[in-house]
Each structure stands twice: as structure tokens, then as C-alpha cells.
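Source file: protein08.json (JSON, C-alpha atoms and all ligand atoms)
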```json
[["chain", "number", "residue", "atom", "x", "y", "z"],
["A", 417, "MET", "CA", 193.62, -22.17, 245.42],
["A", 418, "ALA", "CA", 197.30, -22.50, 244.69],
["A", 419, "VAL", "CA", 196.88, -26.27, 244.21],
["A", 420, "GLU", "CA", 193.94, -25.73, 241.83],
["A", 421, "ALA", "CA", 196.04, -23.29, 239.85],
["A", 422, "LEU", "CA", 198.92, -25.71, 239.58],
["A", 423, "LYS", "CA", 196.93, -28.70, 238.25],
["A", 424, "PRO", "CA", 196.30, -27.54, 234.67],
["A", 425, "ASP", "CA", 199.84, -26.15, 234.39],
["A", 426, "PHE", "CA", 201.26, -29.51, 235.40],
["A", 427, "ALA", "CA", 199.04, -31.39, 232.94],
["A", 428, "ASP", "CA", 199.96, -28.98, 230.15],
["A", 429, "THR", "CA", 203.64, -29.43, 230.89],
["A", 430, "GLY", "CA", 203.29, -33.21, 230.72],
["A", 431, "GLU", "CA", 201.47, -33.06, 227.39],
["A", 432, "GLN", "CA", 204.01, -30.63, 226.04],
["A", 433, "LEU", "CA", 206.85, -32.89, 227.10],
["A", 434, "GLU", "CA", 205.22, -35.88, 225.41],
["A", 435, "LYS", "CA", 204.74, -33.90, 222.19],
["A", 436, "GLN", "CA", 208.32, -32.60, 222.32],
["A", 437, "SER", "CA", 209.67, -36.07, 222.96],
["A", 438, "ALA", "CA", 207.66, -37.56, 220.06],
["A", 439, "SER", "CA", 208.82, -34.88, 217.64],
["A", 440, "HIS", "CA", 212.40, -35.22, 218.94],
["A", 441, "LYS", "CA", 212.26, -38.97, 218.33],
["A", 442, "GLN", "CA", 210.95, -38.36, 214.84],
["A", 443, "GLU", "CA", 213.86, -36.02, 214.16],
["A", 444, "GLN", "CA", 216.29, -38.67, 215.35],
["A", 445, "VAL", "CA", 214.96, -41.38, 213.02],
["A", 446, "GLY", "CA", 216.58, -41.56, 209.62],
["A", 447, "ARG", "CA", 218.19, -43.91, 207.17],
["A", 448, "ALA", "CA", 221.88, -44.58, 206.71],
["A", 449, "THR", "CA", 223.92, -46.80, 204.42],
["A", 450, "PHE", "CA", 226.51, -49.24, 205.74],
["A", 451, "ARG", "CA", 229.09, -50.60, 203.31],
["A", 452, "VAL", "CA", 229.89, -53.96, 204.87],
["A", 453, "TRP", "CA", 232.66, -56.36, 203.81],
["A", 454, "ARG", "CA", 231.18, -59.74, 202.89],
["A", 455, "GLY", "CA", 233.43, -62.67, 202.14],
["A", 456, "ASP", "CA", 235.73, -65.32, 203.54],
["A", 457, "SER", "CA", 239.39, -66.41, 203.38],
["A", 458, "THR", "CA", 239.19, -66.73, 199.59],
["A", 459, "GLY", "CA", 238.10, -63.11, 199.04],
["A", 460, "GLY", "CA", 235.12, -60.80, 199.28],
["A", 461, "LYS", "CA", 233.60, -57.43, 198.45],
["A", 462, "LEU", "CA", 231.83, -54.47, 200.03],
["A", 463, "VAL", "CA", 228.02, -54.65, 199.99],
["A", 464, "ASP", "CA", 225.72, -51.69, 200.70],
["A", 465, "TYR", "CA", 222.83, -52.01, 203.17],
["A", 466, "THR", "CA", 220.51, -49.11, 203.98],
["A", 467, "THR", "CA", 218.75, -49.29, 207.31],
["A", 468, "GLN", "CA", 216.81, -47.19, 209.81],
["A", 469, "VAL", "CA", 218.89, -45.46, 212.48],
["A", 470, "THR", "CA", 217.97, -43.63, 215.68],
["A", 471, "GLU", "CA", 219.79, -41.46, 218.19],
["A", 472, "GLY", "CA", 221.93, -43.50, 220.56],
["A", 473, "MET", "CA", 222.61, -46.35, 218.18],
["A", 474, "VAL", "CA", 226.13, -47.70, 217.81],
["A", 475, "VAL", "CA", 227.63, -49.41, 214.74],
["A", 476, "LEU", "CA", 227.04, -52.84, 216.27],
["A", 477, "ASP", "CA", 223.30, -52.04, 216.58],
["A", 478, "ALA", "CA", 223.15, -51.18, 212.89],
["A", 479, "ILE", "CA", 225.00, -54.37, 211.96],
["A", 480, "HIS", "CA", 222.58, -56.42, 214.08],
["A", 481, "GLN", "CA", 219.63, -54.68, 212.45],
["A", 482, "ILE", "CA", 221.01, -55.46, 208.98],
["A", 483, "GLN", "CA", 221.62, -59.04, 210.10],
["A", 484, "ALA", "CA", 218.02, -59.34, 211.33],
["A", 485, "ASP", "CA", 216.27, -57.65, 208.38],
["A", 486, "GLN", "CA", 218.43, -58.04, 205.30],
["A", 487, "ALA", "CA", 221.38, -60.42, 205.68],
["A", 488, "ASN", "CA", 220.68, -63.25, 208.10],
["A", 489, "ASP", "CA", 223.98, -64.92, 207.25],
["A", 490, "LEU", "CA", 226.15, -61.88, 208.06],
["A", 491, "ALA", "CA", 228.88, -63.05, 210.47],
["A", 492, "VAL", "CA", 229.86, -60.73, 213.34],
["A", 493, "ARG", "CA", 231.57, -61.51, 216.64],
["A", 494, "TRP", "CA", 230.40, -59.78, 219.82],
["A", 495, "ASN", "CA", 229.57, -60.58, 223.43],
["A", 496, "CYS", "CA", 229.14, -57.77, 225.94],
["A", 497, "LYS", "CA", 228.05, -54.68, 223.95],
["A", 498, "ALA", "CA", 229.75, -52.70, 226.71],
["A", 499, "GLY", "CA", 233.34, -52.28, 225.50],
["A", 500, "LYS", "CA", 234.65, -54.91, 227.88],
["A", 501, "CYS", "CA", 234.96, -58.27, 226.08],
["A", 502, "GLY", "CA", 237.07, -57.06, 223.14],
["A", 503, "SER", "CA", 235.15, -59.23, 220.63],
["A", 504, "CYS", "CA", 233.57, -56.70, 218.26],
["A", 505, "SER", "CA", 236.78, -55.19, 216.88],
["A", 506, "ALA", "CA", 236.50, -54.06, 213.26],
["A", 507, "GLU", "CA", 237.49, -51.18, 210.99],
["A", 508, "VAL", "CA", 234.88, -48.44, 210.80],
["A", 509, "ASN", "CA", 235.60, -45.97, 207.99],
["A", 510, "GLY", "CA", 239.12, -47.44, 207.97],
["A", 511, "ASN", "CA", 239.75, -46.87, 211.69],
["A", 512, "PRO", "CA", 240.23, -49.79, 214.10],
["A", 513, "ARG", "CA", 237.29, -49.51, 216.54],
["A", 514, "LEU", "CA", 235.05, -51.47, 218.86],
["A", 515, "MET", "CA", 231.72, -51.54, 216.98],
["A", 516, "CYS", "CA", 229.77, -51.49, 220.25],
["A", 517, "MET", "CA", 231.46, -48.26, 221.37],
["A", 518, "THR", "CA", 231.25, -46.36, 218.09],
["A", 519, "ARG", "CA", 228.20, -44.10, 218.16],
["A", 520, "LEU", "CA", 226.49, -43.32, 214.89],
["A", 521, "ASN", "CA", 226.10, -39.68, 215.84],
["A", 522, "ASP", "CA", 229.91, -39.40, 215.82],
["A", 523, "LEU", "CA", 229.98, -40.51, 212.16],
["A", 524, "ASN", "CA", 229.02, -38.71, 208.97],
["A", 525, "LEU", "CA", 225.85, -40.55, 207.95],
["A", 526, "GLU", "CA", 225.53, -38.50, 204.75],
["A", 527, "GLU", "CA", 228.13, -40.87, 203.31],
["A", 528, "PRO", "CA", 228.09, -44.70, 203.49],
["A", 529, "VAL", "CA", 229.80, -45.98, 206.64],
["A", 530, "THR", "CA", 232.30, -48.72, 205.76],
["A", 531, "VAL", "CA", 232.57, -51.63, 208.17],
["A", 532, "GLU", "CA", 235.38, -54.10, 207.48],
["A", 533, "PRO", "CA", 237.16, -56.87, 209.41],
["A", 534, "MET", "CA", 240.57, -56.22, 211.00],
["A", 535, "ARG", "CA", 243.22, -56.41, 208.31],
["A", 536, "ALA", "CA", 246.15, -57.66, 210.38],
["A", 537, "PHE", "CA", 244.56, -61.10, 210.82],
["A", 538, "PRO", "CA", 243.21, -63.70, 208.36],
["A", 539, "ALA", "CA", 239.56, -63.37, 207.40],
["A", 540, "VAL", "CA", 237.21, -66.11, 208.58],
["A", 541, "ARG", "CA", 233.92, -64.74, 207.31],
["A", 542, "ASP", "CA", 232.44, -61.26, 206.88],
["A", 543, "LEU", "CA", 233.46, -59.22, 209.96],
["A", 544, "VAL", "CA", 235.04, -62.15, 211.82],
["A", 545, "THR", "CA", 238.82, -62.62, 211.73],
["A", 546, "ASP", "CA", 241.02, -65.40, 213.05],
["A", 547, "VAL", "CA", 242.88, -63.86, 216.00],
["A", 548, "SER", "CA", 244.31, -67.17, 217.28],
["A", 549, "TRP", "CA", 247.87, -66.09, 216.39],
["A", 550, "ASN", "CA", 247.66, -63.82, 219.44],
["A", 551, "PHE", "CA", 247.00, -66.77, 221.74],
["A", 552, "THR", "CA", 250.11, -68.58, 220.48],
["A", 553, "VAL", "CA", 252.20, -65.43, 221.02],
["A", 554, "LYS", "CA", 251.03, -65.19, 224.63],
["A", 555, "LYS", "CA", 252.14, -68.78, 225.28],
["A", 556, "ARG", "CA", 255.69, -67.91, 224.16],
["A", 557, "ILE", "CA", 256.14, -65.23, 226.83],
["A", 558, "LYS", "CA", 257.85, -66.34, 230.05],
["A", 559, "ARG", "CA", 255.35, -66.66, 232.90],
["A", 560, "PHE", "CA", 255.19, -64.64, 236.12],
["A", 561, "LYS", "CA", 257.86, -65.85, 238.56],
["A", 562, "PRO", "CA", 257.42, -64.28, 242.01],
["A", 563, "ARG", "CA", 260.19, -64.08, 244.60],
["A", 564, "PRO", "CA", 259.68, -66.14, 247.77],
["A", 565, "PRO", "CA", 257.17, -64.66, 250.25],
["A", 566, "ASP", "CA", 258.44, -61.82, 252.44],
["A", 567, "ALA", "CA", 256.76, -63.04, 255.62],
["A", 568, "PRO", "CA", 256.41, -66.46, 257.29],
["A", 569, "ASP", "CA", 252.64, -66.39, 256.65],
["A", 570, "GLY", "CA", 253.30, -66.54, 252.89],
["A", 571, "THR", "CA", 252.55, -62.90, 252.10],
["A", 572, "TRP", "CA", 254.55, -60.20, 250.31],
["A", 573, "ARG", "CA", 255.18, -56.53, 250.94],
["A", 574, "MET", "CA", 254.97, -54.13, 247.98],
["A", 575, "ALA", "CA", 255.05, -50.35, 247.59],
["A", 576, "GLN", "CA", 251.79, -48.86, 246.29],
["A", 577, "ALA", "CA", 253.76, -46.83, 243.71],
["A", 578, "ASP", "CA", 255.18, -50.05, 242.21],
["A", 579, "ILE", "CA", 251.72, -51.63, 242.01],
["A", 580, "GLY", "CA", 250.30, -48.44, 240.47],
["A", 581, "ARG", "CA", 252.80, -48.55, 237.62],
["A", 582, "VAL", "CA", 251.54, -51.91, 236.29],
["A", 583, "GLN", "CA", 247.86, -51.35, 237.09],
["A", 584, "GLU", "CA", 247.27, -49.52, 233.81],
["A", 585, "PHE", "CA", 248.45, -52.53, 231.79],
["A", 586, "ARG", "CA", 245.92, -54.80, 233.52],
["A", 587, "LYS", "CA", 243.05, -52.88, 231.90],
["A", 588, "CYS", "CA", 243.73, -54.55, 228.52],
["A", 589, "ILE", "CA", 240.61, -56.28, 227.14],
["A", 590, "GLU", "CA", 242.55, -58.06, 224.36],
["A", 591, "CYS", "CA", 240.57, -56.45, 221.57],
["A", 592, "TYR", "CA", 243.73, -56.51, 219.38],
["A", 593, "LEU", "CA", 242.93, -53.15, 217.81],
["A", 594, "CYS", "CA", 246.48, -52.06, 218.61],
["A", 595, "GLN", "CA", 247.82, -55.15, 216.82],
["A", 596, "ASP", "CA", 245.58, -54.33, 213.86],
["A", 597, "VAL", "CA", 246.78, -50.74, 213.49],
["A", 598, "CYS", "CA", 250.49, -51.48, 213.96],
["A", 599, "HIS", "CA", 252.19, -51.22, 210.56],
["A", 600, "VAL", "CA", 254.77, -53.86, 211.52],
["A", 601, "LEU", "CA", 251.98, -56.47, 211.56],
["A", 602, "ARG", "CA", 249.40, -54.85, 209.29],
["A", 603, "ASP", "CA", 251.64, -53.81, 206.39],
["A", 604, "HIS", "CA", 254.91, -55.70, 206.89],
["A", 605, "HIS", "CA", 253.36, -58.95, 208.19],
["A", 606, "LYS", "CA", 256.14, -59.56, 210.73],
["A", 607, "HIS", "CA", 253.97, -61.94, 212.73],
["A", 608, "ASP", "CA", 256.90, -64.41, 213.03],
["A", 609, "SER", "CA", 259.34, -61.92, 214.49],
["A", 610, "PHE", "CA", 257.30, -59.25, 216.34],
["A", 611, "ILE", "CA", 254.82, -59.85, 219.15],
["A", 612, "GLY", "CA", 252.99, -56.52, 218.66],
["A", 613, "PRO", "CA", 251.94, -53.76, 221.07],
["A", 614, "ARG", "CA", 249.37, -55.83, 222.98],
["A", 615, "PHE", "CA", 252.04, -58.32, 224.03],
["A", 616, "LEU", "CA", 254.66, -55.68, 224.69],
["A", 617, "VAL", "CA", 252.11, -54.34, 227.20],
["A", 618, "TYR", "CA", 251.81, -57.87, 228.61],
["A", 619, "VAL", "CA", 255.60, -58.22, 228.91],
["A", 620, "ALA", "CA", 255.80, -54.77, 230.53],
["A", 621, "ALA", "CA", 253.20, -55.80, 233.11],
["A", 622, "LEU", "CA", 255.33, -58.81, 234.01],
["A", 623, "GLU", "CA", 258.74, -57.12, 233.81],
["A", 624, "MET", "CA", 257.66, -54.19, 235.97],
["A", 625, "HIS", "CA", 255.74, -56.29, 238.49],
["A", 626, "PRO", "CA", 257.38, -55.69, 241.88],
["A", 627, "LEU", "CA", 257.44, -59.42, 242.73],
["A", 628, "ASP", "CA", 258.60, -60.81, 239.39],
["A", 629, "THR", "CA", 262.13, -62.24, 239.18],
["A", 630, "GLU", "CA", 262.13, -63.53, 235.59],
["A", 631, "ASN", "CA", 264.32, -61.93, 232.91],
["A", 632, "ARG", "CA", 262.71, -61.45, 229.48],
["A", 633, "ILE", "CA", 265.18, -58.92, 228.06],
["A", 634, "ALA", "CA", 267.00, -61.26, 225.67],
["A", 635, "GLU", "CA", 263.68, -62.45, 224.21],
["A", 636, "LEU", "CA", 262.44, -58.87, 223.89],
["A", 637, "LYS", "CA", 265.46, -58.04, 221.72],
["A", 638, "GLU", "CA", 265.38, -61.21, 219.59],
["A", 639, "ALA", "CA", 262.21, -63.35, 219.45],
["A", 640, "HIS", "CA", 259.78, -60.61, 220.54],
["A", 641, "GLY", "CA", 261.31, -58.07, 218.13],
["A", 642, "VAL", "CA", 260.87, -54.89, 220.22],
["A", 643, "GLY", "CA", 263.33, -53.17, 217.85],
["A", 644, "TYR", "CA", 260.75, -53.27, 215.03],
["A", 645, "CYS", "CA", 258.64, -50.69, 216.89],
["A", 646, "ASN", "CA", 259.55, -47.20, 215.72],
["A", 647, "ILE", "CA", 257.33, -45.39, 218.26],
["A", 648, "THR", "CA", 254.68, -44.13, 215.85],
["A", 649, "LYS", "CA", 252.13, -44.28, 218.74],
["A", 650, "CYS", "CA", 249.31, -45.46, 216.45],
["A", 651, "CYS", "CA", 248.65, -48.30, 218.94],
["A", 652, "THR", "CA", 248.18, -45.84, 221.80],
["A", 653, "ALA", "CA", 245.80, -43.76, 219.68],
["A", 654, "VAL", "CA", 243.36, -46.64, 219.07],
["A", 655, "CYS", "CA", 243.38, -48.33, 222.50],
["A", 656, "PRO", "CA", 239.79, -48.25, 223.86],
["A", 657, "GLU", "CA", 241.13, -48.61, 227.41],
["A", 658, "ASN", "CA", 243.39, -45.56, 226.96],
["A", 659, "ILE", "CA", 246.50, -47.49, 227.91],
["A", 660, "THR", "CA", 249.57, -45.36, 227.18],
["A", 661, "ILE", "CA", 251.09, -48.29, 225.30],
["A", 662, "THR", "CA", 254.08, -46.57, 223.73],
["A", 663, "ASP", "CA", 255.25, -44.23, 226.48],
["A", 664, "ASN", "CA", 254.54, -46.39, 229.52],
["A", 665, "ALA", "CA", 255.18, -49.92, 228.19],
["A", 666, "ILE", "CA", 257.23, -50.01, 224.99],
["A", 667, "ILE", "CA", 259.74, -47.21, 225.62],
["A", 668, "PRO", "CA", 260.71, -48.53, 229.11],
["A", 669, "LEU", "CA", 261.16, -52.01, 227.57],
["A", 670, "LYS", "CA", 263.36, -50.58, 224.83],
["A", 671, "GLU", "CA", 265.41, -48.81, 227.51],
["A", 672, "ARG", "CA", 265.90, -52.11, 229.33],
["A", 673, "VAL", "CA", 267.14, -53.76, 226.15],
["A", 674, "VAL", "CA", 269.60, -50.89, 225.58],
["A", 675, "ASP", "CA", 270.78, -51.07, 229.21],
["A", 676, "GLU", "CA", 271.25, -54.83, 229.01],
["A", 677, "PHE", "CA", 272.99, -55.07, 225.67],
["A", 678, "PHE", "CA", 274.59, -51.74, 224.93],
["A", 679, "ASP", "CA", 275.34, -50.04, 228.28],
["A", 680, "PRO", "CA", 277.63, -52.10, 230.55],
["A", 681, "ILE", "CA", 277.42, -49.65, 233.47],
["A", 682, "ALA", "CA", 273.60, -49.63, 233.50],
["A", 683, "ARG", "CA", 273.68, -53.42, 233.28],
["A", 684, "LEU", "CA", 275.99, -53.59, 236.30],
["A", 685, "VAL", "CA", 273.72, -51.27, 238.29],
["A", 686, "ARG", "CA", 270.72, -53.41, 237.35],
["A", 687, "LEU", "CA", 272.50, -56.60, 238.43],
["A", 688, "VAL", "CA", 273.41, -55.07, 241.79],
["A", 689, "ARG", "CA", 270.01, -53.47, 242.45],
["A", 690, "GLY", "CA", 267.81, -56.18, 240.95],
["A", 691, "LYS", "CA", 264.90, -55.49, 238.54],
["A", 692, "ARG", "CA", 263.38, -52.02, 238.49],
["B", 701, "LIG", "S1", 254.29, -47.45, 218.42],
["B", 701, "LIG", "FE1", 255.34, -49.33, 217.84],
["B", 701, "LIG", "S2", 253.95, -50.99, 218.44],
["B", 701, "LIG", "FE2", 252.75, -49.07, 218.42],
["B", 701, "LIG", "S3", 251.84, -49.02, 216.38],
["B", 701, "LIG", "FE3", 253.76, -47.87, 216.26],
["B", 701, "LIG", "S4", 255.31, -49.36, 215.59],
["B", 701, "LIG", "FE4", 253.51, -50.52, 216.30],
["B", 702, "LIG", "S1", 246.34, -52.70, 224.68],
["B", 702, "LIG", "FE1", 244.41, -51.60, 224.26],
["B", 702, "LIG", "S2", 244.14, -51.80, 222.04],
["B", 702, "LIG", "FE2", 245.66, -53.31, 222.63],
["B", 702, "LIG", "S3", 244.53, -55.21, 222.96],
["B", 702, "LIG", "FE3", 244.68, -54.18, 224.96],
["B", 702, "LIG", "S4", 242.83, -52.92, 225.13],
["B", 702, "LIG", "FE4", 243.02, -53.52, 222.97],
["B", 703, "LIG", "S1", 230.79, -56.51, 222.24],
["B", 703, "LIG", "FE1", 232.21, -56.61, 223.88],
["B", 703, "LIG", "S2", 233.64, -55.03, 223.43],
["B", 703, "LIG", "FE2", 232.09, -54.81, 221.90]]
```

Translate the structure of the given file into C-alpha cells.
Amino acid sequence: MAVEALKPDFADTGEQLEKQSASHKQEQVGRATFRVWRGDSTGGKLVDYTTQVTEGMVVLDAIHQIQADQANDLAVRWNCKAGKCGSCSAEVNGNPRLMCMTRLNDLNLEEPVTVEPMRAFPAVRDLVTDVSWNFTVKKRIKRFKPRPPDAPDGTWRMAQADIGRVQEFRKCIECYLCQDVCHVLRDHHKHDSFIGPRFLVYVAALEMHPLDTENRIAELKEAHGVGYCNITKCCTAVCPENITITDNAIIPLKERVVDEFFDPIARLVRLVRGKR
């Protein structure tokens, strides 16, 4: 009897759910306009594309849809669509963002959504920029130089706290959004004399590594231009991996430069104790 009574209820509930889901989907479907930069190294302009959008879509989905339906030659770089490869960096409504991690329901779709290439690097085509300068910067930074092994079997001993300190820096996906937002590169074009927040994070990871014996302090002050950073923290604000770039990487590096060049007692302590 109880089973008989349950059957129609269950069926009704299923039908109701289907109806609710269909109407919900209908509510989620709409149209939105994307104002996309089209051009190359010689110049370009913003072009409006209106396309269908649904709940759950990200900016990269909309760009792909526009590419498929309206602008087959629209250039966009991407790989993982999971916020891990760092390829789809662009400026969405003027903010440096990963397109694959920027949900449309976090944007105001009543207004056109602008999608532009990163401004700190030369334009290649449409949303693709030439980020190869970053690769040349990385080559200029002194490599990891570990101390000799601590044990005859060729292994080292390290404190977990020391490992933990650099672990955060290893999360970097090299999206270069922090380089894009940094005014030293973006507005003042100091690409020849400043390595930018991404590579200050890289230097910090090496300098603070418990096994590293190399000294990069002189380069930090001169060729890497750490002094250009005035701690605005814009880089930290845009990092998709939530690396505390300014407080945990750049400020400790600045302190090392000050200790080395302007504080003889701290320098002496550092020489006696080794790198910290
Ligand atoms: S904190 Fe320094 S590195 Fe970061 S964006 Fe500001 S000036 Fe650039
Ligand atoms: S530090 Fe953050 S913002 Fe900068 S390149 Fe790495 S992941 Fe991107
Ligand atoms: S496609 Fe890989 S981070 Fe966006």
C-alpha cells in the first residue's frame, strides 16, 4: 500500500524537476555583447560581437563561440581551460584575468564586456601577445646552486618550515598577469631594467631555498631593478594562484638588498650565519 502510494508521487516529482530544470535553463539563456580587440602589431580596434550565453559560461567560452560562429580568424591563446597553463591571460573590462576562470555571471552583461590583449607586451594578433621577453628574463637569473649533500648517500636534510616558505612561490603558472598589471612595465616600459613581479617571485624561491648557496643580491639591486617596485601590491591582487607576491617575495628581497648594501652589521651577521 505504502509502495503504491509512493509511485505517483515519485513520478510527479521527476516531471516537476524536469519542468523546473527546463524553465531554469531558459532563464539562464540570454544574449551578451563582447567588445573584442582585433588587430596586430601595427594597430587595431574594438569590435562588438553579440552571442548567446548560458549559466556557467566563462569569458573563454564566449570567445570560442564568437570564433566558431562569427569570426573564424579571431586569434586567442589557450590550452587547459582549467586555470593551470597560464595561456589565456587577457584584460577583461580592463582587469588582467585568465579568460577561462572569469565567469560571465560575475560580470555585468547589461553592458558590453571588453576583452583586450595584455598591454605590457607587444601585440601579435587579436588577443595574443608576444610574452617571449619573459623567457629571456628568466635566463638572466642565476640558477639554483645546492650545497653538497648532507649524507654519504647523496641526500640532504631540510627543516619543513624552510621548505614551506618557498612552496607558495612554486604555484606560479607563469600567466604573466602580474607583469601586465605592474605599472613599472605597463606604463613606464622598464623592461630593460626591471624583471617584474613574476621573476622577483622566482628569485625569492631560489634565494630562500634552504639548499641554495648562490648570491643574487647585487643583481637584484642593479640588473633586476628591485628598487623600482614601490609596493603598490597590484601584482598580488591579480595573481590567480593567490601568491602573496609583495609581502612574501618582494619585501624580503628588498630587505636583503638593504642588509647587503646599507647595513654593515646585518651584512656581517648574514656572512657569519649563511643565507636565511
Ligand atoms: S608591488 Fe611592485 S612589482 Fe607589484 S605591481 Fe606594484 S610596483 Fe609592480
Ligand atoms: S606570480 Fe601569479 S600572476 Fe604572476 S605569473 Fe605567477 S601565477 Fe601569474
Ligand atoms: S586556458 Fe589554461 S589557464 Fe586558461

### Message
Neighbouring residues of A:Ala665 were defined as those with any atom within 10 Å, considering only C-alpha atoms; residues of the same chain fewer than 5 positions away were excluded. Please report them as a PyMOL selection string.
### Response
chain A and resi 581-582+584-585+613-621+623-624+659-660+670

Could you list, with a cut-off of 10 Å and counting only C-alpha atoms and all ligand atoms, the residues of chain A near ligand LIG 701 (chain B), each shown with its nearest atom pair and the distance in Å rounded to one decimal, rows sorted by chain and ascending number, as JSON lines?
```
{"residue": "A:Leu593", "atom": "CA", "partner": "B:LIG701", "partner_atom": "S3", "distance": 9.9}
{"residue": "A:Cys594", "atom": "CA", "partner": "B:LIG701", "partner_atom": "S3", "distance": 6.6}
{"residue": "A:Gln595", "atom": "CA", "partner": "B:LIG701", "partner_atom": "S3", "distance": 7.3}
{"residue": "A:Asp596", "atom": "CA", "partner": "B:LIG701", "partner_atom": "S3", "distance": 8.6}
{"residue": "A:Val597", "atom": "CA", "partner": "B:LIG701", "partner_atom": "S3", "distance": 6.1}
{"residue": "A:Cys598", "atom": "CA", "partner": "B:LIG701", "partner_atom": "S3", "distance": 3.7}
{"residue": "A:His599", "atom": "CA", "partner": "B:LIG701", "partner_atom": "FE4", "distance": 5.9}
{"residue": "A:Val600", "atom": "CA", "partner": "B:LIG701", "partner_atom": "FE4", "distance": 6.0}
{"residue": "A:Leu601", "atom": "CA", "partner": "B:LIG701", "partner_atom": "FE4", "distance": 7.8}
{"residue": "A:Arg602", "atom": "CA", "partner": "B:LIG701", "partner_atom": "FE4", "distance": 9.2}
{"residue": "A:Phe610", "atom": "CA", "partner": "B:LIG701", "partner_atom": "S2", "distance": 9.2}
{"residue": "A:Ile611", "atom": "CA", "partner": "B:LIG701", "partner_atom": "S2", "distance": 8.9}
{"residue": "A:Gly612", "atom": "CA", "partner": "B:LIG701", "partner_atom": "S2", "distance": 5.6}
{"residue": "A:Pro613", "atom": "CA", "partner": "B:LIG701", "partner_atom": "S2", "distance": 4.3}
{"residue": "A:Arg614", "atom": "CA", "partner": "B:LIG701", "partner_atom": "S2", "distance": 8.1}
{"residue": "A:Phe615", "atom": "CA", "partner": "B:LIG701", "partner_atom": "S2", "distance": 9.4}
{"residue": "A:Leu616", "atom": "CA", "partner": "B:LIG701", "partner_atom": "S2", "distance": 7.8}
{"residue": "A:Val617", "atom": "CA", "partner": "B:LIG701", "partner_atom": "S2", "distance": 9.6}
{"residue": "A:Val642", "atom": "CA", "partner": "B:LIG701", "partner_atom": "S2", "distance": 8.1}
{"residue": "A:Gly643", "atom": "CA", "partner": "B:LIG701", "partner_atom": "FE1", "distance": 8.9}
{"residue": "A:Tyr644", "atom": "CA", "partner": "B:LIG701", "partner_atom": "S4", "distance": 6.7}
{"residue": "A:Cys645", "atom": "CA", "partner": "B:LIG701", "partner_atom": "FE1", "distance": 3.7}
{"residue": "A:Asn646", "atom": "CA", "partner": "B:LIG701", "partner_atom": "S4", "distance": 4.8}
{"residue": "A:Ile647", "atom": "CA", "partner": "B:LIG701", "partner_atom": "S1", "distance": 3.7}
{"residue": "A:Thr648", "atom": "CA", "partner": "B:LIG701", "partner_atom": "FE3", "distance": 3.9}
{"residue": "A:Lys649", "atom": "CA", "partner": "B:LIG701", "partner_atom": "S1", "distance": 3.8}
{"residue": "A:Cys650", "atom": "CA", "partner": "B:LIG701", "partner_atom": "S3", "distance": 4.4}
{"residue": "A:Cys651", "atom": "CA", "partner": "B:LIG701", "partner_atom": "S3", "distance": 4.2}
{"residue": "A:Thr652", "atom": "CA", "partner": "B:LIG701", "partner_atom": "FE2", "distance": 6.5}
{"residue": "A:Ala653", "atom": "CA", "partner": "B:LIG701", "partner_atom": "S3", "distance": 8.7}
{"residue": "A:Val654", "atom": "CA", "partner": "B:LIG701", "partner_atom": "S3", "distance": 9.2}
{"residue": "A:Ile661", "atom": "CA", "partner": "B:LIG701", "partner_atom": "FE2", "distance": 7.1}
{"residue": "A:Thr662", "atom": "CA", "partner": "B:LIG701", "partner_atom": "S1", "distance": 5.4}
{"residue": "A:Asp663", "atom": "CA", "partner": "B:LIG701", "partner_atom": "S1", "distance": 8.7}
{"residue": "A:Ala665", "atom": "CA", "partner": "B:LIG701", "partner_atom": "S2", "distance": 9.9}
{"residue": "A:Ile666", "atom": "CA", "partner": "B:LIG701", "partner_atom": "S2", "distance": 7.4}
{"residue": "A:Ile667", "atom": "CA", "partner": "B:LIG701", "partner_atom": "S1", "distance": 9.0}
```

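If you count all atoms listed in the file and draw a sphere of 12 Å around (217.2, -42.5, 208.1), the protein and nucleic acid residues inside it come out as A:Lys441, A:Gln442, A:Glu443, A:Gln444, A:Val445, A:Gly446, A:Arg447, A:Ala448, A:Thr449, A:Phe450, A:Thr466, A:Thr467, A:Gln468, A:Val469, A:Thr470, A:Glu471, A:Ala478, A:Leu520, A:Leu525, A:Glu526.
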
### Message
One decimal, in Å: what's the spacing between atom CA of A:Lys461 and atom FE2 of ligand LIG 702 (chain B)?
### Response
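We find that atom CA of A:Lys461 and atom FE2 of ligand LIG 702 (chain B) lie 27.3 Å from each other.
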
Can you pull out the residues contacting A:Leu627? Cut-off 12 Å, using all atoms listed in the file, and skip same-chain residues under 3 positions away; I want them as a JSON list (two decimals) with C-alpha atoms, keeping the file's coordinate frame.
```
[["chain", "number", "residue", "atom", "x", "y", "z"],
["A", 560, "PHE", "CA", 255.19, -64.64, 236.12],
["A", 561, "LYS", "CA", 257.86, -65.85, 238.56],
["A", 562, "PRO", "CA", 257.42, -64.28, 242.01],
["A", 563, "ARG", "CA", 260.19, -64.08, 244.60],
["A", 564, "PRO", "CA", 259.68, -66.14, 247.77],
["A", 565, "PRO", "CA", 257.17, -64.66, 250.25],
["A", 566, "ASP", "CA", 258.44, -61.82, 252.44],
["A", 571, "THR", "CA", 252.55, -62.90, 252.10],
["A", 572, "TRP", "CA", 254.55, -60.20, 250.31],
["A", 573, "ARG", "CA", 255.18, -56.53, 250.94],
["A", 574, "MET", "CA", 254.97, -54.13, 247.98],
["A", 575, "ALA", "CA", 255.05, -50.35, 247.59],
["A", 578, "ASP", "CA", 255.18, -50.05, 242.21],
["A", 579, "ILE", "CA", 251.72, -51.63, 242.01],
["A", 582, "VAL", "CA", 251.54, -51.91, 236.29],
["A", 621, "ALA", "CA", 253.20, -55.80, 233.11],
["A", 622, "LEU", "CA", 255.33, -58.81, 234.01],
["A", 623, "GLU", "CA", 258.74, -57.12, 233.81],
["A", 624, "MET", "CA", 257.66, -54.19, 235.97],
["A", 630, "GLU", "CA", 262.13, -63.53, 235.59],
["A", 690, "GLY", "CA", 267.81, -56.18, 240.95],
["A", 691, "LYS", "CA", 264.90, -55.49, 238.54],
["A", 692, "ARG", "CA", 263.38, -52.02, 238.49]]
```

### Query
Got a sec: who's within 10 Å of A:Ala634, counting only C-alpha atoms, leaving out chain neighbours fewer than 5 positions off, as an NGL selection string?
:A and (639-641 or 672-673 or 676-677)

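Minimum atom-to-atom distances from A:Gly460, A:Pro656, A:Pro528, A:Pro538 to ligand LIG 703 (chain B) were compared using all atoms listed in the file, and the lowest value belongs to A:Pro656.
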
### Query
So which residues touch stretch 541-553 of chain A within 7 Å, counting all atoms listed in the file, skipping near sequence neighbours fewer than 4 positions away, as a ChimeraX atom specification?
/A:453-457,490-493,506,532-534,537,611

### Message
When you count all atoms listed in the file, which of these residues is closest to ligand LIG 702 (chain B): A:Val674, A:Ile633, A:Val529, A:Cys591?
### Response
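The answer is A:Cys591, which sits nearest to ligand LIG 702 (chain B).
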
### Task
Set the cut-off to 9 Å, count only C-alpha atoms and all ligand atoms, and list whatever residues fall near ligand LIG 703 (chain B) as a ChimeraX atom specification.
/A:476,493-505,514-517,589,591
